[in-house]
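Colleague: A single structure is presented below for examination.
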Amino acid sequence: MRSLITTAFISLDGVVDSPGGEVGYRNTGWTFKDIAFDEAAYALKGEEQDQATAMLLGRVSYQAFSLVWPEMTEDFARYNAMPKYVVSTTLKDSDLVSNWGETTILRSLDDVAALKETEGGPIIINGSATLNRNLSDAGLIDQYNLLVFPVLLGAGKRLFSEADRDKLNLNLTSSESYPNGIQKLVYAVQH
């Protein structure tokens, strides 16, 4: 069985919206504005690329990332090379880019659950706030790799839903603090 690992840049109040400068969000680029860059804090991204064997994305994140990541050969070489799965009820094969490797469209959370049952290594989820909330509520996420930034953003897309659900216990498997205030927190989900 494959594990599903979500990775997120998240504010202290749970917002994951537009961390890298995406258009349309008032606090866009909050991961680098007024926060000193510390290369060690971002080492997690390289570790994830070494660990993951496939990437899972929602439609919105796929459409945003597929426009820029294929050209980012230095920073995202391993992400770019791995197979990608996009969860969407509306995306068509003709909507997929041709320069970002093997991509498969999944139509439902049941399809994601079936993918987890296949042979292979961990699957990493990048971006995809809505997909993350739905996968979490369905009990499909196995690990959270979080870089928590020392900011409060208020409004914005959140990593976790407000669904009325049973408590879910997590085990902290790794943590690190950086001088710029970023915290790395890696949690395994207790299923």
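Ordering of the structure tokens sets the chain letters (A, B, ...), residue numbers begin anew at 1 in every chain, and ligands are numbered from 1 in the order given.
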Using only C-alpha atoms, what table do you get, as JSON lines, when you list each residue of segment 4-111 of chain A with an atom no more than 12 Å from segment 157-174 of chain A, its nearest pair of atoms, and their distance in Å rounded to one decimal, rows by chain then rising number?

Modeller:
{"residue": "A:Thr6", "atom": "CA", "partner": "A:Leu159", "partner_atom": "CA", "distance": 9.7}
{"residue": "A:Thr7", "atom": "CA", "partner": "A:Leu159", "partner_atom": "CA", "distance": 9.9}
{"residue": "A:Ala8", "atom": "CA", "partner": "A:Leu159", "partner_atom": "CA", "distance": 7.9}
{"residue": "A:Phe9", "atom": "CA", "partner": "A:Leu159", "partner_atom": "CA", "distance": 9.5}
{"residue": "A:Ile10", "atom": "CA", "partner": "A:Leu159", "partner_atom": "CA", "distance": 7.7}
{"residue": "A:Ser11", "atom": "CA", "partner": "A:Arg158", "partner_atom": "CA", "distance": 9.2}
{"residue": "A:Leu12", "atom": "CA", "partner": "A:Arg158", "partner_atom": "CA", "distance": 10.9}
{"residue": "A:Asp13", "atom": "CA", "partner": "A:Arg158", "partner_atom": "CA", "distance": 8.7}
{"residue": "A:Gly14", "atom": "CA", "partner": "A:Arg158", "partner_atom": "CA", "distance": 5.5}
{"residue": "A:Val15", "atom": "CA", "partner": "A:Arg158", "partner_atom": "CA", "distance": 4.5}
{"residue": "A:Val16", "atom": "CA", "partner": "A:Arg158", "partner_atom": "CA", "distance": 5.5}
{"residue": "A:Asp17", "atom": "CA", "partner": "A:Lys157", "partner_atom": "CA", "distance": 4.9}
{"residue": "A:Ser18", "atom": "CA", "partner": "A:Lys157", "partner_atom": "CA", "distance": 8.5}
{"residue": "A:Pro19", "atom": "CA", "partner": "A:Lys157", "partner_atom": "CA", "distance": 10.7}
{"residue": "A:Tyr25", "atom": "CA", "partner": "A:Lys157", "partner_atom": "CA", "distance": 9.7}
{"residue": "A:Arg26", "atom": "CA", "partner": "A:Lys157", "partner_atom": "CA", "distance": 12.0}
{"residue": "A:Asn27", "atom": "CA", "partner": "A:Lys157", "partner_atom": "CA", "distance": 11.5}
{"residue": "A:Thr28", "atom": "CA", "partner": "A:Lys157", "partner_atom": "CA", "distance": 11.7}
{"residue": "A:Leu44", "atom": "CA", "partner": "A:Ser174", "partner_atom": "CA", "distance": 10.8}

Colleague: I'd like to know which residues of segment 41-106 of chain A are alpha helix (DSSP H) (by DSSP, run on the backbone); could you write them as a PyMOL selection string?

Modeller: chain A and resi 43-51+59-68+77-81

Colleague: Can you pull out the residues contacting Ala43 of chain A? Cut-off 10 Å, using only C-alpha atoms, and skip same-chain residues under 5 positions away; I want them as a count of residues only.

Modeller: 3

Colleague: Using DSSP on the backbone coordinates, identify the residues of segment 24-187 of chain A assigned to strand (DSSP E or B); present them as a PDB file with C-alpha atoms, in the first residue's frame.

Modeller:
ATOM      1  CA  ALA A  54       4.475  10.234  -7.667  1.00  0.00           C
ATOM      2  CA  MET A  55       2.646  13.537  -7.238  1.00  0.00           C
ATOM      3  CA  LEU A  56      -1.060  14.103  -6.617  1.00  0.00           C
ATOM      4  CA  LEU A  57      -2.679  17.450  -7.408  1.00  0.00           C
ATOM      5  CA  GLY A  58      -6.101  19.023  -7.594  1.00  0.00           C
ATOM      6  CA  LYS A  84       1.455  12.913 -11.773  1.00  0.00           C
ATOM      7  CA  TYR A  85      -2.159  12.246 -10.842  1.00  0.00           C
ATOM      8  CA  VAL A  86      -4.750  15.012 -11.047  1.00  0.00           C
ATOM      9  CA  VAL A  87      -8.055  14.690  -9.214  1.00  0.00           C
ATOM     10  CA  THR A 103      -0.153  12.491 -16.079  1.00  0.00           C
ATOM     11  CA  THR A 104      -3.307  10.554 -15.208  1.00  0.00           C
ATOM     12  CA  ILE A 105      -6.682  12.068 -14.350  1.00  0.00           C
ATOM     13  CA  LEU A 106      -8.512  10.572 -11.370  1.00  0.00           C
ATOM     14  CA  ILE A 123       2.702   9.907  -3.261  1.00  0.00           C
ATOM     15  CA  ILE A 124       3.214  13.593  -2.429  1.00  0.00           C
ATOM     16  CA  ILE A 125       0.458  16.230  -2.575  1.00  0.00           C
ATOM     17  CA  ASN A 126       1.578  19.777  -3.388  1.00  0.00           C
ATOM     18  CA  GLN A 143       1.459  12.057   6.706  1.00  0.00           C
ATOM     19  CA  TYR A 144       1.607  15.851   6.946  1.00  0.00           C
ATOM     20  CA  ASN A 145       4.850  17.664   6.088  1.00  0.00           C
ATOM     21  CA  LEU A 146       4.287  21.221   7.264  1.00  0.00           C
ATOM     22  CA  LEU A 147       6.428  24.322   7.166  1.00  0.00           C
ATOM     23  CA  VAL A 148       4.640  26.629   9.606  1.00  0.00           C
ATOM     24  CA  PHE A 149       5.363  30.306   9.035  1.00  0.00           C
ATOM     25  CA  ARG A 158      -7.187  26.585   4.703  1.00  0.00           C
ATOM     26  CA  LEU A 170      -1.165  12.440  14.849  1.00  0.00           C
ATOM     27  CA  ASN A 171       2.358  11.367  15.842  1.00  0.00           C
ATOM     28  CA  LEU A 172       5.078  13.997  15.559  1.00  0.00           C
ATOM     29  CA  THR A 173       7.902  12.176  13.763  1.00  0.00           C
ATOM     30  CA  SER A 174      10.198  15.119  13.057  1.00  0.00           C
ATOM     31  CA  SER A 175      10.435  18.769  13.982  1.00  0.00           C
ATOM     32  CA  GLU A 176      12.884  21.582  13.584  1.00  0.00           C
ATOM     33  CA  SER A 177      12.960  25.304  14.328  1.00  0.00           C
ATOM     34  CA  GLN A 183       8.844  25.514  12.150  1.00  0.00           C
ATOM     35  CA  LYS A 184       9.100  22.177  10.314  1.00  0.00           C
ATOM     36  CA  LEU A 185       6.548  19.709  11.652  1.00  0.00           C
ATOM     37  CA  VAL A 186       6.154  16.199  10.221  1.00  0.00           C
ATOM     38  CA  TYR A 187       3.181  14.222  11.506  1.00  0.00           C
TER      39      TYR A 187
END

Colleague: Got a sec: who's within 9 Å of Ser66 of chain A, counting only C-alpha atoms, leaving out chain neighbours fewer than 6 positions off, as number ranges by chain?

Modeller: A: 96-97, 99-100

Colleague: Using Å and a single decimal, report how far atom CA of Glu117 of chain A sits from atom CA of Phe65 of chain A.

Modeller: 26.3 Å

Colleague: May I ask which of the residues A:Arg59, A:Glu22, A:Ala155, A:Ser108 is the closest one to Lys92 of chain A, counting only C-alpha atoms?

Modeller: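 Ranking A:Arg59, A:Glu22, A:Ala155, A:Ser108 by distance to Lys92 of chain A, first place goes to A:Arg59.
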
Colleague: Kindly indicate which residue among A:Thr73, A:Pro179, A:Glu119, A:Ala52 lies nearest to Leu4 of chain A, using only C-alpha atoms for the distances.

Modeller: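 Of the candidates, the smallest distance to Leu4 of chain A is held by A:Ala52.
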
Colleague: One number please: atom CA of Ile35 of chain A to atom CA of Tyr178 of chain A, in Å, one decimal.

Modeller: 11.3 Å

Colleague: Do you know which residues are at most 12 Å from Thr118 of chain A counting only C-alpha atoms, after dropping those on the same chain fewer than 2 positions away, and could you put them as an NGL selection string?

Modeller: :A and (1-4 or 54 or 111-116 or 120-123)
